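Have a look at input-v1.txt below; it lists compact mmCIF, C-alpha atoms and all ligand atoms.
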```
# COMPACT_ATOMS: atom_id res chain seq x y z
CA MET A 1 74.64 43.57 102.08
CA PHE A 2 70.97 43.95 102.79
CA VAL A 3 71.71 45.08 106.35
CA ARG A 4 74.60 47.40 105.45
CA ILE A 5 72.97 49.72 102.90
CA PRO A 6 70.57 51.51 105.25
CA TYR A 7 73.39 51.87 107.79
CA ARG A 8 75.58 53.63 105.20
CA LEU A 9 72.73 55.86 104.17
CA HIS A 10 72.34 56.87 107.78
CA ILE A 11 75.94 57.99 108.15
CA TYR A 12 75.78 59.79 104.82
CA ASP A 13 72.65 61.70 105.80
CA LEU A 14 74.12 62.60 109.14
CA LEU A 15 77.33 63.96 107.61
CA LYS A 16 75.36 65.89 105.04
CA THR A 17 73.20 67.48 107.75
CA ILE A 18 76.25 68.42 109.83
CA GLY A 19 77.87 69.91 106.73
CA ILE A 20 74.85 72.02 105.84
CA VAL A 21 74.36 73.25 109.42
CA THR A 22 78.07 74.18 109.68
CA LEU A 23 77.87 76.08 106.41
CA ILE A 24 74.77 78.01 107.50
CA VAL A 25 76.32 78.91 110.87
CA TYR A 26 79.55 79.94 109.16
CA LEU A 27 77.82 82.21 106.66
CA ALA A 28 75.57 83.74 109.29
CA LEU A 29 78.22 84.12 112.00
CA PRO A 30 81.67 84.47 110.47
CA PHE A 31 83.20 85.48 113.81
CA ARG A 32 82.39 82.07 115.25
CA PHE A 33 85.20 80.55 113.25
CA ALA A 34 87.62 83.44 113.52
CA SER A 35 91.12 82.45 114.43
CA HIS A 36 92.10 84.25 117.57
CA TYR A 37 95.35 86.02 118.16
CA ASP A 38 97.27 87.39 121.13
CA TYR A 39 96.86 91.11 121.50
CA ILE A 40 97.52 94.21 123.57
CA ASP A 41 94.16 95.39 124.91
CA GLY A 42 92.95 99.00 124.95
CA ALA A 43 94.00 99.63 128.54
CA HIS A 44 97.62 98.75 127.75
CA ILE A 45 98.09 100.47 124.40
CA GLU A 46 99.38 103.81 125.66
CA GLY A 47 101.90 102.14 127.96
CA ALA A 48 103.14 100.00 125.08
CA LEU A 49 103.78 102.85 122.63
CA LEU A 50 107.38 104.02 122.33
CA PRO A 51 107.76 107.75 122.91
CA GLN A 52 110.24 108.82 120.23
CA VAL A 53 110.34 111.89 118.01
CA THR A 54 112.49 113.61 115.45
CA LEU A 55 114.83 116.39 116.56
CA ASN A 56 112.65 119.31 115.39
CA VAL A 57 109.70 118.02 117.40
CA SER A 58 111.82 117.44 120.50
CA LEU A 59 112.84 121.12 120.36
CA GLN A 60 109.23 122.33 120.24
CA GLN A 61 108.58 124.59 123.21
CA THR A 62 105.22 123.47 124.56
CA PHE A 63 103.63 120.84 126.82
CA GLU A 64 103.21 117.27 125.60
CA CYS A 65 100.04 116.14 123.82
CA SER A 66 97.72 113.78 125.69
CA TYR A 67 96.77 110.46 124.07
CA THR A 68 94.72 108.81 126.80
CA ASP A 69 91.33 110.00 125.52
CA ILE A 70 92.19 109.44 121.88
CA ILE A 71 92.91 105.77 122.64
CA ALA A 72 90.02 105.31 125.09
CA ASN A 73 87.40 106.88 122.80
CA ASN A 74 88.35 104.75 119.78
CA ARG A 75 85.45 105.83 117.57
CA PHE A 76 84.38 104.09 114.36
CA VAL A 77 85.29 106.95 112.03
CA TYR A 78 85.36 105.30 108.62
CA SER A 79 81.62 105.76 108.17
CA SER A 80 81.90 109.53 108.64
CA ALA A 81 81.64 111.43 105.34
CA TYR A 82 83.70 114.21 106.91
CA TYR A 83 86.84 112.04 106.72
CA HIS A 84 86.38 111.22 103.03
CA GLU A 85 85.09 114.35 101.34
CA THR A 86 88.15 116.61 101.35
CA VAL A 87 91.35 117.30 103.28
CA HIS A 88 90.08 119.71 105.93
CA HIS A 89 92.39 122.55 107.03
CA ALA A 90 94.94 121.52 104.42
CA GLU A 91 97.04 124.56 105.39
CA GLU A 92 98.10 122.64 108.53
CA ILE A 93 100.01 120.15 106.36
CA TRP A 94 103.51 121.08 105.24
CA PRO A 95 104.75 120.44 101.70
CA GLY A 96 105.87 116.81 101.51
CA GLY A 97 102.80 115.65 103.45
CA GLU A 98 104.15 116.30 106.94
CA PHE A 99 102.16 117.32 109.99
CA ARG A 100 102.84 117.99 113.62
CA PRO A 101 100.42 119.46 116.13
CA GLU A 102 101.33 123.03 117.14
CA GLN A 103 99.24 123.33 120.31
CA CYS A 104 101.22 120.57 122.04
CA GLN A 105 104.37 118.54 121.54
CA ALA A 106 103.80 115.21 119.79
CA ARG A 107 105.12 112.11 121.57
CA TYR A 108 105.44 110.03 118.40
CA SER A 109 107.08 110.70 115.01
CA THR A 110 106.11 108.26 112.29
CA ALA A 111 107.06 107.87 108.64
CA ILE A 112 104.26 106.30 106.63
CA ILE A 113 105.75 104.53 103.64
CA VAL A 114 103.48 103.60 100.75
CA PRO A 115 104.67 101.37 97.87
CA TYR A 116 102.93 102.49 94.73
CA ARG A 117 102.30 102.17 91.00
CA GLN A 118 99.20 103.02 88.95
CA ARG A 119 96.53 103.10 91.64
CA GLU A 120 95.48 106.72 91.24
CA GLU A 121 91.92 106.43 92.46
CA GLN A 122 93.03 104.52 95.55
CA LEU A 123 95.80 107.02 96.20
CA ARG A 124 93.39 109.94 96.13
CA ALA A 125 91.01 108.24 98.57
CA PHE A 126 93.93 107.18 100.79
CA LEU A 127 95.51 110.63 101.05
CA THR A 128 92.25 112.39 101.83
CA TYR A 129 91.18 109.92 104.46
CA MET A 130 94.58 109.42 106.06
CA HIS A 131 95.42 113.10 106.48
CA ASN A 132 92.08 113.65 108.22
CA TYR A 133 92.48 110.48 110.24
CA LEU A 134 96.10 110.92 111.31
CA ARG A 135 95.80 114.53 112.45
CA GLN A 136 93.09 113.64 115.00
CA GLN A 137 95.73 111.41 116.66
CA LEU A 138 97.96 114.43 117.41
CA ILE A 139 101.09 112.63 116.21
CA HIS A 140 103.92 113.92 114.03
CA TYR A 141 103.94 112.08 110.71
CA ARG A 142 104.99 112.32 107.10
CA ILE A 143 103.73 110.32 104.13
CA PHE A 144 106.39 108.97 101.75
CA LEU A 145 105.07 107.57 98.47
CA VAL A 146 107.62 105.35 96.75
CA GLU A 147 106.58 104.84 93.15
CA GLN A 148 108.03 102.23 90.83
CA TYR A 149 108.75 104.05 87.58
CA ASP A 150 109.84 101.11 85.42
CA GLN A 151 107.51 98.50 83.92
CA LYS A 152 109.14 95.46 85.53
CA PRO A 153 106.95 93.33 87.82
CA PHE A 154 106.02 95.30 90.93
CA ASN A 155 108.58 95.00 93.71
CA ARG A 156 106.74 96.02 96.86
CA ALA A 157 109.50 95.05 99.30
CA MET A 158 112.21 96.92 97.44
CA LEU A 159 110.07 100.06 97.39
CA LEU A 160 109.58 99.73 101.14
CA ASN A 161 113.35 99.39 101.63
CA ILE A 162 113.85 102.58 99.66
CA GLY A 163 111.18 104.39 101.66
CA ALA A 164 112.73 103.21 104.92
CA LYS A 165 116.15 104.44 103.85
CA VAL A 166 114.79 107.87 102.93
CA ALA A 167 112.67 108.12 106.10
CA ALA A 168 115.76 107.28 108.19
CA GLU A 169 117.63 110.12 106.45
CA TYR A 170 114.85 112.45 107.61
CA GLY A 171 115.36 111.16 111.15
CA PHE A 172 112.14 109.18 111.62
CA PRO A 173 112.43 106.62 114.46
CA CYS A 174 109.28 104.69 113.52
CA LEU A 175 108.19 103.32 110.16
CA ILE A 176 104.73 102.24 109.10
CA LEU A 177 104.79 100.22 105.91
CA HIS A 178 101.38 100.82 104.39
CA ASP A 179 99.49 99.46 101.37
CA VAL A 180 97.70 102.23 99.50
CA ASP A 181 94.37 100.37 99.48
CA LEU A 182 94.03 99.88 103.23
CA MET A 183 92.40 102.30 105.65
CA PRO A 184 91.87 102.04 109.41
CA LEU A 185 88.29 102.16 110.67
CA ASN A 186 88.89 102.94 114.36
CA SER A 187 90.25 106.28 115.52
CA GLY A 188 92.37 104.76 118.33
CA GLN A 189 94.58 102.62 116.10
CA MET A 190 97.64 104.65 117.01
CA TYR A 191 100.11 105.21 114.18
CA ALA A 192 103.18 104.70 116.35
CA CYS A 193 105.65 101.93 117.16
CA VAL A 194 105.73 99.60 120.15
CA GLU A 195 108.55 97.43 121.41
CA THR A 196 108.12 94.67 118.85
CA PRO A 197 107.08 95.07 115.20
CA ARG A 198 103.31 95.31 115.00
CA HIS A 199 100.86 93.90 112.48
CA MET A 200 98.22 96.62 112.39
CA CYS A 201 95.46 95.16 110.21
CA PRO A 202 94.56 91.71 111.61
CA ALA A 203 90.83 92.53 111.37
CA LEU A 204 90.49 93.23 107.65
CA ASP A 205 87.05 93.27 105.99
CA HIS A 206 88.51 91.42 102.99
CA TRP A 207 89.24 88.49 105.35
CA ARG A 208 85.84 88.78 107.03
CA PHE A 209 87.56 90.60 109.91
CA HIS A 210 89.54 87.59 110.98
CA LEU A 211 93.17 86.70 110.71
CA PRO A 212 93.71 83.90 108.15
CA TYR A 213 97.01 82.75 109.71
CA GLN A 214 99.09 83.84 112.70
CA GLY A 215 102.16 84.61 110.62
CA LEU A 216 100.38 87.09 108.34
CA PHE A 217 102.50 90.21 108.46
CA GLY A 218 101.49 92.30 105.49
CA GLY A 219 99.23 95.19 104.60
CA VAL A 220 100.06 97.64 107.38
CA VAL A 221 102.96 97.06 109.78
CA ALA A 222 104.79 99.27 112.24
CA ILE A 223 108.47 98.69 112.95
CA THR A 224 111.15 100.91 114.44
CA THR A 225 113.82 102.19 112.07
CA LEU A 226 116.43 100.44 114.23
CA GLN A 227 114.65 97.08 114.04
CA PHE A 228 114.21 97.45 110.29
CA LYS A 229 117.97 97.96 109.97
CA GLN A 230 118.65 95.10 112.39
CA ILE A 231 116.82 92.61 110.14
CA ASN A 232 118.50 94.04 107.01
CA GLY A 233 115.15 95.40 105.81
CA MET A 234 113.08 93.33 103.40
CA SER A 235 114.13 91.06 100.55
CA ASN A 236 114.71 92.70 97.16
CA VAL A 237 114.11 89.58 95.09
CA TYR A 238 110.32 89.20 95.18
CA HIS A 239 109.08 90.46 91.82
CA GLY A 240 105.30 90.38 91.40
CA TRP A 241 102.65 89.57 93.96
CA GLY A 242 103.17 87.57 97.16
CA GLY A 243 105.70 86.13 99.57
CA GLU A 244 107.64 89.27 100.52
CA ASP A 245 105.50 89.86 103.62
CA ASP A 246 106.01 86.27 104.81
CA ASP A 247 109.72 86.76 104.18
CA LEU A 248 109.65 89.81 106.45
CA TYR A 249 108.00 87.70 109.15
CA VAL A 250 110.75 85.06 108.83
CA ARG A 251 113.40 87.74 109.26
CA ILE A 252 111.80 89.16 112.39
CA MET A 253 111.29 85.75 114.00
CA ASP A 254 114.72 84.47 113.02
CA GLU A 255 116.25 87.54 114.65
CA GLY A 256 114.32 86.61 117.82
CA ILE A 257 112.38 89.87 117.91
CA GLY A 258 108.74 88.68 117.76
CA ILE A 259 105.61 90.56 116.71
CA CYS A 260 102.49 91.97 118.33
CA ARG A 261 99.01 93.23 117.52
CA PHE A 262 96.37 95.45 119.12
CA ALA A 263 92.92 94.19 120.12
CA PRO A 264 90.49 93.57 117.20
CA GLU A 265 88.35 96.62 118.04
CA TYR A 266 91.43 98.77 117.29
CA SER A 267 92.62 96.78 114.31
CA GLU A 268 89.75 96.92 111.83
CA TYR A 269 90.68 97.94 108.30
CA THR A 270 88.95 98.07 104.97
CA MET A 271 90.57 97.18 101.65
CA LEU A 272 89.49 99.07 98.56
CA LYS A 273 88.39 96.72 95.80
CA HIS A 274 90.84 95.87 93.04
CA LYS A 275 91.68 93.04 90.65
CA PRO A 276 94.24 90.55 91.96
CA GLU A 277 97.79 91.15 90.73
CA ASN A 278 99.83 88.48 88.92
CA PRO A 279 101.34 86.16 91.53
CA ASN A 280 105.06 85.53 91.54
CA GLU A 281 105.55 81.86 90.61
CA HIS A 282 108.80 81.63 92.53
CA ARG A 283 107.46 82.99 95.80
CA ARG A 284 107.31 79.66 97.64
CA ALA A 285 110.82 78.65 96.61
CA LEU A 286 112.15 82.07 97.60
CA LEU A 287 110.42 81.86 100.96
CA GLN A 288 111.96 78.47 101.68
CA ALA A 289 115.42 79.99 101.46
CA ALA A 290 114.47 83.20 103.28
CA LYS A 291 116.62 82.49 106.34
CA LEU A 292 119.69 81.70 104.28
CA ARG A 293 119.36 84.82 102.19
CA ARG A 294 118.48 87.39 104.76
CA PHE A 295 121.96 88.66 105.62
CA MET A 296 122.97 89.37 102.04
CA ASP A 297 119.60 90.32 100.53
CA GLY A 298 117.98 93.49 101.84
CA LEU A 299 119.12 96.98 102.81
CA SER A 300 122.70 95.74 102.41
CA SER A 301 122.16 94.90 98.73
CA LEU A 302 119.74 97.66 97.81
CA VAL A 303 120.49 99.07 94.34
CA TYR A 304 118.10 101.45 92.60
CA LYS A 305 117.96 104.74 90.78
CA GLU A 306 116.07 107.69 92.19
CA VAL A 307 114.47 109.35 89.18
CA GLU A 308 112.88 112.20 91.10
CA ARG A 309 111.99 113.43 94.57
CA ARG A 310 109.23 115.95 94.78
CA MET A 311 107.40 117.62 97.64
CA HIS A 312 103.69 117.42 96.86
CA SER A 313 101.22 119.14 99.13
CA LEU A 314 100.06 115.80 100.60
CA PHE A 315 103.10 113.50 100.27
CA THR A 316 106.80 113.20 99.54
CA HIS A 317 107.04 111.57 96.14
CA ILE A 318 110.03 109.33 95.52
CA LEU A 319 110.09 108.03 91.97
CA VAL A 320 112.48 105.11 91.46
CA GLU A 321 113.74 102.58 88.95
CA THR A 322 114.16 99.16 90.53
N1 LIG B 401 100.72 98.12 94.54
C1 LIG B 401 100.60 99.19 93.64
N2 LIG B 401 100.52 98.92 92.31
C2 LIG B 401 100.51 97.66 91.84
C3 LIG B 401 100.61 96.59 92.74
C4 LIG B 401 100.70 96.86 94.09
O1 LIG B 401 100.59 100.35 94.04
O2 LIG B 401 100.42 97.49 90.61
C5 LIG B 401 100.93 98.42 95.99
C6 LIG B 401 99.72 99.04 96.65
O3 LIG B 401 100.16 99.84 97.71
C7 LIG B 401 99.00 97.81 97.13
C8 LIG B 401 100.16 96.95 97.63
O4 LIG B 401 101.19 97.22 96.69
O5 LIG B 401 98.07 98.10 98.13
C9 LIG B 401 99.86 95.48 97.72
O6 LIG B 401 99.38 94.97 96.50
P1 LIG B 401 97.91 94.34 96.37
O7 LIG B 401 96.94 95.32 96.94
O8 LIG B 401 97.69 93.94 94.96
O9 LIG B 401 98.01 93.05 97.28
P2 LIG B 401 96.91 92.40 98.24
O10 LIG B 401 97.37 92.74 99.61
O11 LIG B 401 95.56 93.01 97.93
O12 LIG B 401 96.94 90.96 97.96
MN MN B 402 95.18 95.09 98.08
```
Give the structure from this file in structure tokens form.
Amino acid sequence: MFVRIPYRLHIYDLLKTIGIVTLIVYLALPFRFASHYDYIDGAHIEGALLPQVTLNVSLQQTFECSYTDIIANNRFVYSSAYYHETVHHAEEIWPGGEFRPEQCQARYSTAIIVPYRQREEQLRAFLTYMHNYLRQQLIHYRIFLVEQYDQKPFNRAMLLNIGAKVAAEYGFPCLILHDVDLMPLNSGQMYACVETPRHMCPALDHWRFHLPYQGLFGGVVAITTLQFKQINGMSNVYHGWGGEDDDLYVRIMDEGIGICRFAPEYSEYTMLKHKPENPNEHRRALLQAAKLRRFMDGLSSLVYKEVERRMHSLFTHILVET
């Protein structure tokens, strides 16, 4: 007894010191503990992108745009007031929020699909920034805003299914499923698809710029229209916050497709501040049965009512009842 007490104190002090030092290092150097992920580095991005455009772009009579410098330069543009203040040269954007460069033929056509309800301030900031940001990439794109009109719990995945269906009708070969509160910081984060579905925001400021878990597949993801159909889209049964993005990941992996990401210096995003939404209590149970459900729950079972479709100057507005 007499001998043991000081020994125990020793161990206790040691553990306490290690704990405090770890905490200080963690707070001072968050990157030290970042989980790493496999990625496509800057030199291989252009080769990885899938050249695919809509019919009207393919018929454009001019030489192809060059993307090499856009990717190589990869500037940190989020800090520039120019990108945030107003939509510059708004006359370049067609009604419905569509743009294609005229001086050259775009190599990529992308539908940006945004699930939405009651986030007006975020939407305004998003549209201004994104139209300035996306045009410097010389791609052809169109922003589809899918708004949930009813007051039922928010169904993000169903809205994305609806957006994907509409974008496919317009002939878009590549879909980017995009939260309204996320914005890319680096100019070379190309808004185009690659061979496997791509998680675009692994370096999010909200997560201290590191990926919390390898299977995170939410926020901003790029997937070809064909792949989205192949996995039967997303699940329609997640009402309220959470789980639907993990369900999408299960679908992609179960289909044997796999995912990819770009290097962290291309994948930085910021999330606008907001209160957390009400979590869906059933999300874990739903996720457990994701594999069993995926063939009958998705694009194949999508039922909704389109209340209105309107061409705004900066986006195509699809108002739906879920
Ligand atoms: N969203 C919305 N209105 C809502 C809830 C969600 O527009 O009431 C959309 C919006 O695009 C948002 C996305 O769904 O960015 C994801 O929701 P949230 O940002 O709450 O989730 P987080 O990723 O921050 O956990
Ligand atoms: Mn958010």
(request) Let me have all residues with an atom within 6 Å of ligand LIG 401 (chain B), counting only C-alpha atoms and all ligand atoms, laid out as a list in words. (result)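 Counting only what the definition allows, namely only C-alpha atoms and all ligand atoms, the set is Val114, Pro115, Tyr116, Arg117, Gln118, Arg119, Phe154, Arg156, Asp179, Val180, Asp181, Gly219, Pro276 and Glu277 of chain A.
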(request) Just give me the gap between atom CA of Cys201 of chain A and atom CA of Asn186 of chain A in Å, one decimal is fine. (result)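 Between these atoms lies a distance of 11.0 Å.
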(message) I want to know what sits within 12 Å of Asp69 of chain A, based on all atoms listed in the file, with residues of the same chain fewer than 6 positions away left out; could you give that as a count of residues only?
(response) 11
(request) One decimal, Å: what's the distance from atom CA of Arg198 of chain A over to atom CA of Glu85 of chain A, could you say? (result)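 Distance reported for this atom pair: 29.7 Å.
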(message) From the options A:Tyr304, A:Trp207, A:Phe63, A:Tyr129, which residue's atoms come nearest to ligand MN 402 (chain B), counting all atoms listed in the file?
(response)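 Of A:Tyr304, A:Trp207, A:Phe63, A:Tyr129, the one nearest ligand MN 402 (chain B), counting all atoms listed in the file, is A:Trp207.
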(message) So that I can see what lies close to His178 of chain A, please list as a VMD selection string the residues with an atom at most 12 Å from it, counting only C-alpha atoms and leaving out residues fewer than 2 positions away in the same chain.
(response) chain A and resid 110 to 116 123 126 to 127 130 143 to 146 156 to 157 159 to 160 163 to 164 175 to 176 180 to 184 191 199 to 201 217 to 223 245 269 271
Just C-alpha atoms for this one: save the residues we selected as a CSV table (one decimal), in the coordinates of the input.
```
chain,number,residue,atom,x,y,z
A,110,THR,CA,106.1,108.3,112.3
A,111,ALA,CA,107.1,107.9,108.6
A,112,ILE,CA,104.3,106.3,106.6
A,113,ILE,CA,105.8,104.5,103.6
A,114,VAL,CA,103.5,103.6,100.8
A,115,PRO,CA,104.7,101.4,97.9
A,116,TYR,CA,102.9,102.5,94.7
A,123,LEU,CA,95.8,107.0,96.2
A,126,PHE,CA,93.9,107.2,100.8
A,127,LEU,CA,95.5,110.6,101.0
A,130,MET,CA,94.6,109.4,106.1
A,143,ILE,CA,103.7,110.3,104.1
A,144,PHE,CA,106.4,109.0,101.8
A,145,LEU,CA,105.1,107.6,98.5
A,146,VAL,CA,107.6,105.4,96.8
A,156,ARG,CA,106.7,96.0,96.9
A,157,ALA,CA,109.5,95.0,99.3
A,159,LEU,CA,110.1,100.1,97.4
A,160,LEU,CA,109.6,99.7,101.1
A,163,GLY,CA,111.2,104.4,101.7
A,164,ALA,CA,112.7,103.2,104.9
A,175,LEU,CA,108.2,103.3,110.2
A,176,ILE,CA,104.7,102.2,109.1
A,180,VAL,CA,97.7,102.2,99.5
A,181,ASP,CA,94.4,100.4,99.5
A,182,LEU,CA,94.0,99.9,103.2
A,183,MET,CA,92.4,102.3,105.6
A,184,PRO,CA,91.9,102.0,109.4
A,191,TYR,CA,100.1,105.2,114.2
A,199,HIS,CA,100.9,93.9,112.5
A,200,MET,CA,98.2,96.6,112.4
A,201,CYS,CA,95.5,95.2,110.2
A,217,PHE,CA,102.5,90.2,108.5
A,218,GLY,CA,101.5,92.3,105.5
A,219,GLY,CA,99.2,95.2,104.6
A,220,VAL,CA,100.1,97.6,107.4
A,221,VAL,CA,103.0,97.1,109.8
A,222,ALA,CA,104.8,99.3,112.2
A,223,ILE,CA,108.5,98.7,113.0
A,245,ASP,CA,105.5,89.9,103.6
A,269,TYR,CA,90.7,97.9,108.3
A,271,MET,CA,90.6,97.2,101.6
```
(request) Within 10 Å of Lys152 of chain A, counting all atoms listed in the file, which residues show up once you throw out same-chain ones fewer than 4 positions away? Write them as a PyMOL selection string, please. (result) chain A and resi 148+239-240+321-322
(request) With a distance cut-off of 9 Å and only C-alpha atoms, select the neighbouring residues of Tyr249 of chain A, excluding the residue or stretch itself and same-chain residues fewer than 4 positions from it, and output the selection as a list in words. (result)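 The residues that qualify are Gly215, Leu216, Phe217, Gly218, Glu244, Asp245, Met253, Asp254, Gly258 and Ile259 of chain A.
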(request) Would you please work out which residue, of A:Lys291, A:Arg107, A:Lys165, A:Arg124, is nearest to Thr225 of chain A when using only C-alpha atoms? (result)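 That would be A:Lys165, the residue with the smallest distance to Thr225 of chain A.
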(message) Between A:Pro153, A:Gly256, A:Gly243, A:Pro264, which residue has the minimum interatomic distance to Gln288 of chain A, considering only C-alpha atoms?
(response)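 Ranking A:Pro153, A:Gly256, A:Gly243, A:Pro264 by distance to Gln288 of chain A, first place goes to A:Gly243.
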(message) One number please: atom CA of Leu248 of chain A to atom CA of Leu314 of chain A, in Å, one decimal.
(response)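 Computing it gives 28.3 Å between the two atoms.
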Test item: axis-aligned box, all listed atoms of segment 38-49 of chain A, 8 Å on each side, centre and edges in Å rounded to one decimal, as lines of an AutoDock Vina configuration file:
```
center_x = 98.4
center_y = 95.6
center_z = 124.8
size_x = 26.8
size_y = 32.4
size_z = 23.4
```
(message) List the spatial neighbours of Glu64 of chain A as number ranges by chain - criterion: any atom at most 7 Å away, all atoms listed in the file, same-chain residues fewer than 5 positions off excluded.
(response) A: 104-107
(message) Which residue is closest to ligand MN 402 (chain B)? Choose from A:Pro279, A:His88, A:Leu272, A:Leu302 and count all atoms listed in the file.
(response) A:Leu272
